[in-house]
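*Asks:* My file is model17.cif. It has mmCIF, C-alpha atoms:
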data_run
#
loop_
_atom_site.label_atom_id
_atom_site.label_comp_id
_atom_site.auth_asym_id
_atom_site.auth_seq_id
_atom_site.Cartn_x
_atom_site.Cartn_y
_atom_site.Cartn_z
CA MET A 30 -9.46 37.28 7.90
CA VAL A 31 -9.98 34.17 10.06
CA ASP A 32 -13.65 33.41 10.80
CA ALA A 33 -14.70 32.64 14.36
CA ALA A 34 -15.27 28.91 13.74
CA LEU A 35 -11.77 28.42 12.33
CA HIS A 36 -10.27 30.64 15.01
CA ALA A 37 -11.69 28.33 17.69
CA LEU A 38 -9.99 25.33 16.07
CA LEU A 39 -6.72 27.22 15.73
CA ASP A 40 -6.87 28.02 19.45
CA ALA A 41 -7.93 24.54 20.59
CA PRO A 42 -5.20 22.39 22.19
CA SER A 43 -3.78 19.62 20.04
CA ALA A 44 -3.56 15.97 21.04
CA TRP A 45 0.12 16.51 21.83
CA GLN A 46 -0.22 19.65 23.92
CA GLY A 47 -0.71 18.97 27.60
CA SER A 48 1.13 15.64 27.45
CA VAL A 49 4.56 17.31 27.64
CA PRO A 50 5.59 19.40 30.66
CA ALA A 51 6.50 23.05 30.26
CA LEU A 52 10.09 23.89 29.40
CA ARG A 53 12.35 23.95 32.43
CA GLY A 54 15.24 26.33 32.85
CA ALA A 55 14.30 28.80 30.13
CA SER A 56 16.87 31.56 29.80
CA PRO A 57 16.82 35.32 30.28
CA LEU A 58 17.69 37.39 27.21
CA PRO A 59 21.49 37.63 26.87
CA ALA A 60 23.24 40.72 25.52
CA HIS A 61 25.02 38.91 22.69
CA SER A 62 25.02 35.64 20.77
CA ASP A 63 26.97 34.49 17.75
CA MET A 64 23.69 33.35 16.26
CA VAL A 65 20.11 34.36 17.02
CA ILE A 66 17.37 32.10 15.73
CA VAL A 67 13.85 33.48 15.54
CA GLY A 68 11.28 30.71 15.94
CA GLY A 69 11.36 27.94 18.50
CA GLY A 70 9.87 25.17 16.40
CA ILE A 71 11.53 21.98 15.21
CA GLY A 72 13.38 23.90 12.50
CA GLY A 73 14.59 26.63 14.83
CA LEU A 74 15.77 24.25 17.55
CA SER A 75 17.42 21.95 14.99
CA ALA A 76 19.30 24.99 13.71
CA ALA A 77 20.29 25.95 17.25
CA LEU A 78 21.61 22.48 17.99
CA HIS A 79 23.61 22.40 14.75
CA ALA A 80 25.09 25.86 15.41
CA LEU A 81 26.08 24.83 18.94
CA HIS A 82 27.85 21.76 17.59
CA ARG A 83 29.75 24.11 15.29
CA GLY A 84 30.96 26.16 18.24
CA CYS A 85 28.58 29.13 18.15
CA SER A 86 26.84 30.70 21.09
CA VAL A 87 23.11 30.56 20.31
CA THR A 88 19.90 32.26 21.44
CA VAL A 89 16.46 31.09 20.29
CA LEU A 90 13.64 33.64 20.46
CA GLU A 91 10.12 32.21 20.63
CA ALA A 92 7.16 34.60 20.50
CA GLY A 93 4.93 32.24 22.52
CA GLU A 94 5.63 28.91 24.15
CA LEU A 95 7.52 26.10 22.50
CA GLY A 96 5.10 24.09 20.42
CA ALA A 97 2.44 26.80 20.19
CA GLY A 98 2.89 26.93 16.40
CA ALA A 99 3.07 24.25 13.75
CA SER A 100 5.52 22.04 15.66
CA GLY A 101 2.95 21.31 18.35
CA ARG A 102 -0.11 21.20 16.09
CA ASN A 103 0.76 18.84 13.24
CA SER A 104 0.09 15.15 12.66
CA GLY A 105 3.58 13.98 13.59
CA PHE A 106 4.19 12.41 10.18
CA VAL A 107 7.89 12.13 9.32
CA VAL A 108 8.04 12.12 5.52
CA PRO A 109 11.37 11.44 3.79
CA VAL A 110 10.49 12.77 0.32
CA PRO A 111 9.45 16.22 -0.95
CA ALA A 112 5.84 17.27 -1.34
CA ARG A 113 4.18 17.18 -4.75
CA HIS A 114 7.27 15.91 -6.53
CA GLY A 115 8.36 12.62 -7.97
CA PRO A 116 11.76 11.55 -9.31
CA ASP A 117 11.09 12.93 -12.80
CA THR A 118 10.23 16.45 -11.67
CA LEU A 119 13.04 16.49 -9.09
CA ASN A 120 15.58 15.46 -11.72
CA ALA A 121 14.26 18.15 -14.07
CA LEU A 122 14.47 20.76 -11.33
CA LEU A 123 17.78 19.85 -9.70
CA GLY A 124 19.70 17.75 -12.17
CA ASP A 125 22.62 15.97 -10.52
CA ALA A 126 21.72 17.54 -7.14
CA ALA A 127 18.38 15.67 -6.97
CA GLY A 128 19.89 12.50 -5.50
CA PRO A 129 21.98 14.22 -2.80
CA TYR A 130 19.02 16.39 -1.82
CA VAL A 131 16.50 13.58 -1.33
CA ARG A 132 19.07 11.37 0.39
CA ALA A 133 19.78 14.19 2.84
CA LEU A 134 16.03 14.60 3.42
CA GLN A 135 15.71 10.87 4.09
CA GLN A 136 18.61 11.06 6.55
CA ALA A 137 16.98 14.02 8.32
CA ALA A 138 13.80 11.96 8.67
CA ARG A 139 15.72 9.04 10.16
CA GLN A 140 17.48 11.34 12.61
CA ALA A 141 14.13 12.66 13.82
CA LEU A 142 12.81 9.13 14.28
CA SER A 143 15.97 8.02 16.09
CA ARG A 144 15.19 10.35 18.98
CA GLY A 145 12.33 8.04 19.94
CA GLY A 146 9.85 9.22 22.54
CA PRO A 147 6.16 8.38 22.86
CA GLN A 148 4.09 7.42 19.83
CA VAL A 149 7.15 6.88 17.61
CA VAL A 150 6.62 4.73 14.51
CA ARG A 151 9.75 3.66 12.66
CA GLN A 152 8.34 1.09 10.23
CA GLY A 153 7.84 3.61 7.44
CA TRP A 154 5.43 6.04 5.78
CA LEU A 155 2.99 4.96 3.08
CA GLN A 156 1.81 6.86 0.00
CA PRO A 157 -1.25 4.91 -1.24
CA PHE A 158 -2.89 5.46 -4.61
CA ALA A 159 -6.68 5.33 -4.86
CA GLN A 160 -6.21 5.02 -8.62
CA PRO A 161 -3.11 3.67 -10.35
CA PRO A 162 -0.69 6.41 -11.45
CA LEU A 163 0.39 6.81 -15.06
CA GLY A 164 2.87 4.04 -15.63
CA SER A 165 3.73 1.29 -13.20
CA LEU A 166 4.01 1.97 -9.47
CA ARG A 167 6.87 -0.52 -9.41
CA HIS A 168 8.65 1.63 -11.99
CA LEU A 169 8.11 4.68 -9.77
CA ALA A 170 9.59 2.78 -6.82
CA LYS A 171 12.66 1.92 -8.93
CA GLN A 172 13.06 5.59 -9.85
CA TRP A 173 13.09 6.54 -6.16
CA GLN A 174 15.57 3.74 -5.48
CA ALA A 175 17.84 5.10 -8.23
CA LEU A 176 17.97 8.38 -6.27
CA GLY A 177 18.95 6.50 -3.11
CA ILE A 178 15.54 6.40 -1.45
CA ASP A 179 14.47 3.26 0.40
CA ALA A 180 11.11 2.74 -1.34
CA GLU A 181 9.13 -0.24 -2.55
CA CYS A 182 5.72 -1.02 -4.01
CA VAL A 183 3.27 -2.85 -1.73
CA GLU A 184 -0.18 -4.17 -2.55
CA GLY A 185 -2.80 -6.71 -1.61
CA GLN A 186 -2.78 -8.33 1.81
CA ARG A 187 0.55 -6.82 2.78
CA LEU A 188 -0.70 -3.30 2.08
CA GLY A 189 -3.90 -4.04 4.00
CA ALA A 190 -1.87 -5.21 7.00
CA LEU A 191 0.38 -2.13 6.95
CA ALA A 192 -2.31 0.49 6.31
CA GLY A 193 -5.09 -1.20 8.28
CA THR A 194 -7.46 -0.81 5.32
CA ARG A 195 -8.14 -2.53 2.00
CA TYR A 196 -9.39 0.67 0.44
CA TYR A 197 -6.23 1.21 -1.63
CA PRO A 198 -5.05 -1.24 -4.30
CA GLU A 199 -1.36 -0.27 -4.08
CA ALA A 200 1.06 2.07 -2.36
CA LEU A 201 4.66 3.12 -2.08
CA LEU A 202 6.31 2.27 1.24
CA PHE A 203 9.09 4.69 2.20
CA LYS A 204 11.03 2.89 4.91
CA GLY A 205 12.91 6.03 5.97
CA GLY A 206 9.70 7.65 7.24
CA GLY A 207 7.34 7.13 10.14
CA GLY A 208 5.62 9.07 12.88
CA VAL A 209 6.45 10.81 16.16
CA ASP A 210 4.87 12.88 18.88
CA PRO A 211 6.10 16.19 17.42
CA LEU A 212 5.90 18.10 20.68
CA ALA A 213 7.91 15.44 22.51
CA LEU A 214 10.52 15.66 19.74
CA LEU A 215 10.54 19.45 20.10
CA HIS A 216 11.21 19.25 23.83
CA GLN A 217 13.97 16.71 23.31
CA LEU A 218 15.64 19.19 20.96
CA ALA A 219 15.15 21.98 23.52
CA ASP A 220 16.75 19.87 26.27
CA ALA A 221 19.72 19.15 24.00
CA VAL A 222 20.12 22.86 23.13
CA MET A 223 20.13 23.92 26.77
CA ALA A 224 22.47 21.07 27.78
CA LEU A 225 25.03 22.52 25.36
CA GLY A 226 24.66 26.04 26.78
CA GLY A 227 22.17 27.47 24.31
CA CYS A 228 19.58 30.03 25.44
CA ILE A 229 15.87 29.63 24.75
CA VAL A 230 13.76 32.70 25.51
CA GLU A 231 10.01 32.12 25.38
CA GLN A 232 7.35 34.87 25.20
CA CYS A 233 9.91 37.05 23.43
CA SER A 234 9.11 38.30 19.94
CA ALA A 235 11.74 39.63 17.59
CA LEU A 236 10.21 43.00 16.73
CA ASN A 237 12.71 44.01 14.05
CA THR A 238 16.38 43.86 13.16
CA THR A 239 19.01 46.50 12.48
CA VAL A 240 22.30 45.74 10.71
CA ARG A 241 25.13 47.62 12.38
CA GLY A 242 28.71 47.18 11.26
CA GLN A 243 29.72 43.55 11.61
CA GLY A 244 26.60 42.49 13.46
CA VAL A 245 22.83 42.62 13.73
CA THR A 246 20.81 44.10 16.57
CA VAL A 247 17.60 42.21 17.23
CA HIS A 248 15.03 44.34 19.05
CA THR A 249 12.64 42.57 21.43
CA PRO A 250 10.16 43.64 24.14
CA GLN A 251 12.71 42.42 26.68
CA GLY A 252 15.52 44.53 25.24
CA ASP A 253 18.07 44.28 22.45
CA ILE A 254 20.39 41.41 21.67
CA ARG A 255 23.47 41.74 19.50
CA ALA A 256 23.95 38.90 17.01
CA GLY A 257 26.64 37.90 14.59
CA ARG A 258 24.09 36.16 12.37
CA VAL A 259 20.30 35.77 12.34
CA LEU A 260 18.15 32.93 11.03
CA LEU A 261 14.41 33.62 10.70
CA ALA A 262 12.70 30.24 10.99
CA ALA A 263 9.11 31.02 11.99
CA ASN A 264 7.60 29.79 8.71
CA ALA A 265 3.79 30.20 8.58
CA TYR A 266 3.65 31.59 12.13
CA GLY A 267 6.02 34.51 11.72
CA THR A 268 5.33 37.79 13.55
CA GLY A 269 7.31 41.00 13.90
CA ALA A 270 10.75 40.63 12.33
CA SER A 271 9.90 37.11 11.20
CA GLN A 272 6.59 38.05 9.57
CA ALA A 273 8.48 38.16 6.29
CA THR A 274 8.56 34.36 6.34
CA ARG A 275 4.80 34.41 5.69
CA ARG A 276 4.79 36.72 2.68
CA PRO A 277 5.79 34.30 -0.10
CA ILE A 278 3.67 31.38 1.11
CA GLY A 279 0.00 30.56 1.31
CA ARG A 280 -1.21 29.68 4.81
CA ILE A 281 -3.72 26.85 4.57
CA ALA A 282 -5.56 25.69 7.68
CA LEU A 283 -5.38 21.95 8.27
CA GLY A 284 -7.96 20.49 10.63
CA LEU A 285 -6.86 17.51 12.70
CA GLY A 286 -8.63 15.20 15.09
CA THR A 287 -8.39 12.03 17.11
CA PHE A 288 -11.12 9.41 16.74
CA THR A 289 -11.86 6.26 18.71
CA CYS A 290 -13.48 3.09 17.41
CA GLU A 291 -14.08 0.36 19.96
CA ASP A 292 -14.30 -2.26 17.19
CA LEU A 293 -10.85 -1.46 15.80
CA PRO A 294 -8.87 -4.72 16.00
CA PRO A 295 -5.78 -4.43 18.19
CA GLU A 296 -3.58 -5.91 15.47
CA THR A 297 -4.57 -3.25 12.93
CA ALA A 298 -1.29 -1.51 12.13
CA CYS A 299 -2.30 1.71 10.33
CA LEU A 300 1.18 3.01 9.61
CA PRO A 301 1.26 6.75 8.88
CA PHE A 302 -0.08 7.21 5.37
CA SER A 303 -0.95 10.15 3.15
CA ASP A 304 -2.50 9.24 -0.16
CA ALA A 305 -1.66 10.72 -3.55
CA ARG A 306 -4.82 12.86 -3.98
CA LYS A 307 -4.58 16.62 -4.24
CA ASP A 308 -7.05 16.78 -1.34
CA MET A 309 -5.20 13.99 0.40
CA TRP A 310 -6.59 11.55 2.93
CA PHE A 311 -4.17 10.70 5.71
CA CYS A 312 -4.22 8.71 8.91
CA ARG A 313 -2.09 7.01 11.58
CA ARG A 314 -2.81 4.94 14.65
CA LEU A 315 -2.10 6.22 18.15
CA THR A 316 -2.21 4.23 21.40
CA GLY A 317 -5.29 2.14 22.12
CA ASN A 318 -8.16 2.34 19.65
CA ARG A 319 -7.38 5.89 18.56
CA LEU A 320 -6.57 7.16 15.09
CA ILE A 321 -5.49 10.63 14.05
CA THR A 322 -6.65 12.06 10.73
CA GLY A 323 -7.47 15.42 9.21
CA ALA A 324 -8.59 17.51 6.27
CA PHE A 325 -7.90 20.94 4.83
CA ILE A 326 -10.42 23.54 6.02
CA LEU A 327 -11.84 25.57 3.16
CA PRO A 328 -13.29 29.09 3.58
CA GLY A 329 -16.83 29.02 4.96
CA ALA A 330 -16.65 25.27 5.68
CA GLY A 331 -17.89 25.63 9.26
CA GLY A 332 -16.34 24.84 12.61
CA ALA A 333 -15.46 21.80 14.65
CA ALA A 334 -18.66 19.86 13.88
CA ALA A 335 -18.24 20.22 10.13
CA ALA A 336 -14.56 19.28 10.32
CA ALA A 337 -15.33 16.25 12.49
CA GLY A 338 -18.06 15.17 10.06
CA LEU A 339 -15.73 15.27 7.07
CA MET A 340 -13.01 13.36 8.93
CA SER A 341 -15.51 10.77 10.12
CA GLU A 342 -16.76 10.25 6.55
CA ARG A 343 -13.24 9.47 5.44
CA LEU A 344 -12.61 7.07 8.31
CA GLN A 345 -15.84 5.24 7.45
CA ALA A 346 -14.72 4.94 3.84
CA LEU A 347 -11.30 3.65 4.88
CA PHE A 348 -12.04 1.42 7.86
CA GLY A 349 -15.78 0.80 8.08
CA PRO A 350 -18.82 2.40 9.74
CA GLY A 351 -17.40 2.55 13.25
CA PRO A 352 -18.97 4.35 15.06
CA TRP A 353 -16.09 6.84 15.11
CA THR A 354 -16.15 8.96 18.25
CA PRO A 355 -14.29 12.28 17.93
CA GLY A 356 -11.87 13.22 20.68
CA GLN A 357 -9.67 16.30 20.40
CA LEU A 358 -10.16 18.55 17.38
CA TRP A 359 -7.79 21.36 16.43
CA ALA A 360 -6.24 23.10 13.45
CA GLY A 361 -2.85 24.41 12.42
CA TYR A 362 -1.38 26.27 9.49
CA VAL A 363 0.53 24.64 6.66
CA GLY A 364 2.81 26.91 4.62
CA VAL A 365 2.48 26.07 0.92
CA THR A 366 4.20 27.39 -2.19
CA ARG A 367 3.11 27.17 -5.80
CA THR A 368 5.82 24.68 -6.74
CA GLY A 369 5.90 22.70 -3.50
CA MET A 370 9.44 23.92 -2.78
CA PRO A 371 10.70 26.08 0.10
CA VAL A 372 11.51 29.75 -0.36
CA VAL A 373 14.87 31.09 0.87
CA ARG A 374 15.72 34.79 1.04
CA GLN A 375 19.02 36.28 2.18
CA HIS A 376 19.40 39.84 3.47
CA GLY A 377 23.09 40.53 3.22
CA PRO A 378 25.64 38.07 4.60
CA ARG A 379 24.19 37.96 8.13
CA ILE A 380 20.41 37.45 7.89
CA ILE A 381 18.59 34.64 6.12
CA ARG A 382 14.97 33.47 6.21
CA TRP A 383 13.09 30.55 4.80
CA SER A 384 9.56 29.14 4.73
CA GLY A 385 7.30 26.74 2.86
CA CYS A 386 7.37 23.26 4.40
CA ASN A 387 4.40 22.16 2.27
CA GLY A 388 3.41 19.59 4.87
CA ARG A 389 6.92 18.12 5.24
CA GLY A 390 7.87 20.15 8.30
CA ILE A 391 9.61 17.61 10.56
CA ALA A 392 12.18 16.26 8.12
CA LEU A 393 12.45 19.30 5.84
CA SER A 394 12.82 21.78 8.71
CA SER A 395 15.66 19.73 10.17
CA LEU A 396 17.47 19.59 6.84
CA MET A 397 16.98 23.27 6.00
CA ALA A 398 18.14 24.27 9.49
CA GLN A 399 21.47 22.53 9.12
CA ARG A 400 22.16 23.77 5.61
CA LEU A 401 21.26 27.39 6.27
CA VAL A 402 23.31 27.51 9.48
CA ASP A 403 26.28 26.20 7.47
CA HIS A 404 25.71 28.91 4.88
CA LEU A 405 25.51 31.67 7.49
CA MET A 406 28.86 30.45 8.80
CA GLY A 407 30.51 30.97 5.46
CA GLU A 408 29.94 27.81 3.46
CA PRO A 409 28.61 28.10 -0.10
CA MET A 410 24.86 28.12 -0.47
CA PRO A 411 23.89 24.47 -1.08
CA THR A 412 21.80 23.52 -4.06
CA LEU A 413 18.29 23.76 -2.70
CA PRO A 414 15.00 23.39 -4.53
CA GLN A 415 13.64 26.90 -4.14
CA ALA A 416 10.24 28.15 -5.18
CA THR A 417 9.91 31.39 -7.06
CA PHE A 418 8.42 34.27 -5.08
CA ASN A 419 4.64 34.44 -5.34
CA SER A 420 1.88 36.44 -3.73
CA ALA A 421 0.58 34.63 -0.64
CA LEU A 422 -2.98 35.41 -1.71
CA LEU A 423 -2.40 33.90 -5.14
CA VAL A 424 -0.79 30.77 -3.68
CA ARG A 425 -3.63 30.31 -1.20
CA TRP A 426 -6.28 30.81 -3.89
CA LEU A 427 -4.59 28.26 -6.15
CA ALA A 428 -4.36 25.75 -3.29
CA TYR A 429 -8.03 26.22 -2.35
CA SER A 430 -9.05 25.78 -5.99
CA VAL A 431 -7.15 22.52 -6.36
CA ILE A 432 -8.50 21.15 -3.07
CA GLN A 433 -12.11 22.12 -3.88
CA ARG A 434 -11.92 20.54 -7.36
CA ASP A 435 -10.46 17.31 -6.02
CA ARG A 436 -12.98 17.18 -3.16
CA ARG A 437 -15.89 17.54 -5.60
CA ARG A 438 -14.43 14.75 -7.75
CA GLN A 439 -14.19 12.48 -4.72
CA LYS A 440 -17.83 13.19 -3.75
CA LYS A 441 -19.00 12.29 -7.26
CA ALA A 442 -17.05 9.04 -7.13
CA MET A 443 -18.64 8.14 -3.79
CA VAL A 444 -22.12 8.72 -5.21
CA ALA A 445 -21.42 6.89 -8.47
CA HIS A 446 -19.78 3.86 -6.82
CA PRO A 447 -21.23 3.53 -3.32
CA SER A 448 -20.09 -0.09 -3.08
CA ARG A 449 -16.54 1.11 -2.72
CA PHE A 450 -17.40 2.97 0.48
CA PRO A 451 -16.62 1.53 2.90
CA ARG A 452 -14.15 -1.19 1.93
CA GLU A 453 -13.74 -4.29 4.05
CA THR A 454 -11.48 -3.66 7.02
CA THR A 455 -8.35 -5.68 7.65
CA SER A 456 -8.48 -8.22 10.42
#
In structure tokens, how does this file's structure come out?

*Replies:*
Amino acid sequence: MVDAALHALLDAPSAWQGSVPALRGASPLPAHSDMVIVGGGIGGLSAALHALHRGCSVTVLEAGELGAGASGRNSGFVVPVPARHGPDTLNALLGDAAGPYVRALQQAARQALSRGGPQVVRQGWLQPFAQPPLGSLRHLAKQWQALGIDAECVEGQRLGALAGTRYYPEALLFKGGGGVDPLALLHQLADAVMALGGCIVEQCSALNTTVRGQGVTVHTPQGDIRAGRVLLAANAYGTGASQATRRPIGRIALGLGTFTCEDLPPETACLPFSDARKDMWFCRRLTGNRLITGAFILPGAGGAAAAAGLMSERLQALFGPGPWTPGQLWAGYVGVTRTGMPVVRQHGPRIIRWSGCNGRGIALSSLMAQRLVDHLMGEPMPTLPQATFNSALLVRWLAYSVIQRDRRRQKKAMVAHPSRFPRETTS
């Protein structure tokens, strides 16, 4: 059950929505396509583009408008490494496939950044550490490098110049990451799909599917479409036939907002960064004196005012007292799994679904799209880090518990060591 305060944030327009014109030349529902993709987000459109390059006819079904779900409501961070995993755990999980997997994820991130568009940041993504990790951060950087990831340890004045804050003593800089306007990226993908003859049908839910002989019939309010293969790529926003993508994941609401500080120096970089806390702090600079940040919204935490207050507290700790003036506030769902890995389920040789971006949607969705399209077209299932199936309620409860515990720990640290908050800003 979504309370009214959270519902208002989930319905509020994001900073990206409204800056991109509506899709032009959207298609009527065809009678047949070699591949039908359910979900018109970055993952769905990346899959459509890949299938078109492989010679398939393609139809994308989107229940609302492009960008109405996670692809138009996220922070635009392009992260080239998996969530909640380091080299040690990836090697334990995947063995020899760990290196190829993370290199492919890094390449998917670079491809997303190469499309350019407004607000693009190509200088990298930072993972700062408020407290030093076990072992040396330089050693961790070397472990990532051994897997083929372009990572290095940064600290001191250089870190302050990149992050725009001296709050963190050290960080990992992943040069294959950055930031984009996610909705602009989505529309670039849509334009490319339609230029190659693909069909995009908005306001058209996939109600259910029926396997018949050598094909699949996808039933929609606008009629039926016959498909050779079906990819369900709606993730945490699945409805109808794609609602199954939501069952193995926990949907966690992430509040986001833009804030303006007139005293923010123009040379302050503030590359996209997400720190290493469980209840992570993250931020990036937009045009002018605006920053975008956010925080997970816990049950009963209140509405826009409470969310803005928490975000403002974090900005004060990172960059100084401000004042920080809130602009647009909104929320979107993040699909999380217990292990931080995506869940893939196949229904016979012609239908496959996946979900669980764990906050890595732009790069991970692009990579998963390509690999699952290849598999539907007859190639062996690639080695993918898959989470075991878990109850969505259990996953969400575990995530809330971890976030609440970490948030309480942070509050105690702020009370015990007030001199650390705020740190001196970088000039």

*Asks:* Counting only C-alpha atoms, find the residues whose atoms lie at most 12 Å from (-6.3, 6.9, -5.7) (file coordinates) and write them out as a PyMOL selection string.

*Replies:* chain A and resi 156-163+196-200+303-310+435+438-439+442

*Asks:* Take the PyMOL selection byres ((chain A and resi 396-403) around 9), run it mentally on this structure, and tell me the resulting residues as a ChimeraX atom specification.

*Replies:* /A:64,72-80,83,133-134,136-138,260,262,381-383,391-395,404-411,413

*Asks:* For the atom pair atom CA of A:Ile326 and atom CA of A:Cys290, what is the interatomic distance in Å to one decimal place?

*Replies:* 23.6 Å

*Asks:* Residue by residue, what does the PyMOL selection byres ((chain A and resi 243) around 12) grab here? Present the result as an NGL selection string.

*Replies:* :A and (63 or 239-242 or 244-246 or 255-258 or 377-380)

*Asks:* Calculate how many Å separate atom CA of A:Asn318 from atom CA of A:Val209, rounding to one decimal.

*Replies:* 17.2 Å

*Asks:* On this structure, which residues satisfy the PyMOL selection byres ((chain A and resi 192) around 8), written as a PyMOL selection string?

*Replies:* chain A and resi 155+188-191+193-195+297-302

*Asks:* For C-alpha atoms, I'd like the residues from the last selection saved as a PDB file, in the coordinates of the input.

*Replies:*
ATOM      1  CA  LEU A 155       2.990   4.960   3.080  1.00  0.00           C
ATOM      2  CA  LEU A 188      -0.700  -3.300   2.080  1.00  0.00           C
ATOM      3  CA  GLY A 189      -3.900  -4.040   4.000  1.00  0.00           C
ATOM      4  CA  ALA A 190      -1.870  -5.210   7.000  1.00  0.00           C
ATOM      5  CA  LEU A 191       0.380  -2.130   6.950  1.00  0.00           C
ATOM      6  CA  GLY A 193      -5.090  -1.200   8.280  1.00  0.00           C
ATOM      7  CA  THR A 194      -7.460  -0.810   5.320  1.00  0.00           C
ATOM      8  CA  ARG A 195      -8.140  -2.530   2.000  1.00  0.00           C
ATOM      9  CA  THR A 297      -4.570  -3.250  12.930  1.00  0.00           C
ATOM     10  CA  ALA A 298      -1.290  -1.510  12.130  1.00  0.00           C
ATOM     11  CA  CYS A 299      -2.300   1.710  10.330  1.00  0.00           C
ATOM     12  CA  LEU A 300       1.180   3.010   9.610  1.00  0.00           C
ATOM     13  CA  PRO A 301       1.260   6.750   8.880  1.00  0.00           C
ATOM     14  CA  PHE A 302      -0.080   7.210   5.370  1.00  0.00           C
TER      15      PHE A 302
END

*Asks:* What is the distance between atom CA of A:Cys233 and atom CA of A:Arg389, in Å to one decimal?

*Replies:*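 Atom CA of A:Arg389 lies at a distance of 26.4 Å from atom CA of A:Cys233.
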
*Asks:* Counting all atoms listed in the file, which residue out of A:Leu212, A:Ile178, A:Leu90, A:Ala141 sits closest to A:Ala127?

*Replies:* A:Ile178

*Asks:* Neighbouring residues of stretch 263-272 of chain A were defined as those with any atom within 10 Å, considering all atoms listed in the file; residues of the same chain fewer than 3 positions away were excluded. Please report them as a PyMOL selection string.

*Replies:* chain A and resi 66-73+90-92+97-99+234-238+247-249+260+275-281+361-365+371-372+382-386+390+394

*Asks:* Identify which of the residues A:Gly208, A:Pro250, A:Gly105, A:Pro295 lies closest to A:Leu142, counting only C-alpha atoms when measuring atom-to-atom distances.

*Replies:* A:Gly208

*Asks:* Around all the atoms of stretch 179-188 of chain A listed in the file, draw an axis-aligned box and extend it by 6 Å on each of the six sides; I want its centre and edge lengths in Å to one decimal, as lines of an AutoDock Vina configuration file.

*Replies:*
center_x = 5.8
center_y = -2.5
center_z = -0.6
size_x = 29.3
size_y = 23.6
size_z = 18.8

*Asks:* So, with all atoms listed in the file as the atoms that count, which of A:Leu427, A:Ala126, A:Ala44, A:Val183 lies closest to A:Thr287?

*Replies:*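 Looking at the shortest contact to A:Thr287, the residue is A:Ala44.
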
*Asks:* I need the residue nearest A:Ala330 from this list: A:Val87, A:Ala421, A:Leu119, A:Tyr429. Use all atoms listed in the file for the distance.

*Replies:*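 Smallest distance to A:Ala330 is found for A:Tyr429.
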
*Asks:* Counting only C-alpha atoms, select every polymer residue within 6 Å of (10.8, 10.8, 8.2) as defined in the file's coordinates, and provide the selection as a list of chain:residue names.

*Replies:*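 In the file's frame, the residues around the point are A:Val107, A:Val108, A:Pro109, A:Ala138, A:Arg139, A:Gly205, A:Gly206, A:Gly207, A:Ala392.
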
*Asks:* Quick one: write out the picked residues with C-alpha atoms as a PDB file, keeping the file's coordinate frame?

*Replies:*
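Contents of part.pdb, freshly written:
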ATOM      1  CA  VAL A 107       7.890  12.130   9.320  1.00  0.00           C
ATOM      2  CA  VAL A 108       8.040  12.120   5.520  1.00  0.00           C
ATOM      3  CA  PRO A 109      11.370  11.440   3.790  1.00  0.00           C
ATOM      4  CA  ALA A 138      13.800  11.960   8.670  1.00  0.00           C
ATOM      5  CA  ARG A 139      15.720   9.040  10.160  1.00  0.00           C
ATOM      6  CA  GLY A 205      12.910   6.030   5.970  1.00  0.00           C
ATOM      7  CA  GLY A 206       9.700   7.650   7.240  1.00  0.00           C
ATOM      8  CA  GLY A 207       7.340   7.130  10.140  1.00  0.00           C
ATOM      9  CA  ALA A 392      12.180  16.260   8.120  1.00  0.00           C
TER      10      ALA A 392
END

*Asks:* Measuring between all atoms listed in the file, which one of A:Val230, A:Leu293, A:Cys85, A:Leu38 shows the shortest distance to A:Pro350?

*Replies:*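 Counting all atoms listed in the file, the residue closest to A:Pro350 is A:Leu293.
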
*Asks:* From the set A:Gly185, A:Gly369, A:Gly388, A:Gly317, which residue has the shortest atom-to-atom contact distance to A:Thr118, counting only C-alpha atoms?

*Replies:*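 Smallest separation from A:Thr118 among the options: A:Gly369.
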
*Asks:* Could you model N, CA and C atoms for stretch 114-120 of chain A and present them as a short mmCIF file (atom, residue, chain, number, x, y, z; two decimals), keeping the file's coordinate frame?

*Replies:*
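For reference, result_32.cif as written:
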data_model
loop_
_atom_site.label_atom_id
_atom_site.label_comp_id
_atom_site.auth_asym_id
_atom_site.auth_seq_id
_atom_site.Cartn_x
_atom_site.Cartn_y
_atom_site.Cartn_z
N HIS A 114 6.23 16.18 -5.53
CA HIS A 114 7.27 15.91 -6.53
C HIS A 114 7.61 14.44 -6.55
N GLY A 115 7.85 13.95 -7.78
CA GLY A 115 8.36 12.62 -7.97
C GLY A 115 9.77 12.68 -8.52
N PRO A 116 10.38 11.54 -8.79
CA PRO A 116 11.76 11.55 -9.31
C PRO A 116 11.93 12.33 -10.60
N ASP A 117 10.95 12.23 -11.52
CA ASP A 117 11.09 12.93 -12.80
C ASP A 117 11.17 14.43 -12.62
N THR A 118 10.24 15.00 -11.84
CA THR A 118 10.23 16.45 -11.67
C THR A 118 11.42 16.93 -10.84
N LEU A 119 11.86 16.11 -9.87
CA LEU A 119 13.04 16.49 -9.09
C LEU A 119 14.29 16.49 -9.96
N ASN A 120 14.43 15.49 -10.82
CA ASN A 120 15.58 15.46 -11.72
C ASN A 120 15.56 16.65 -12.68
#
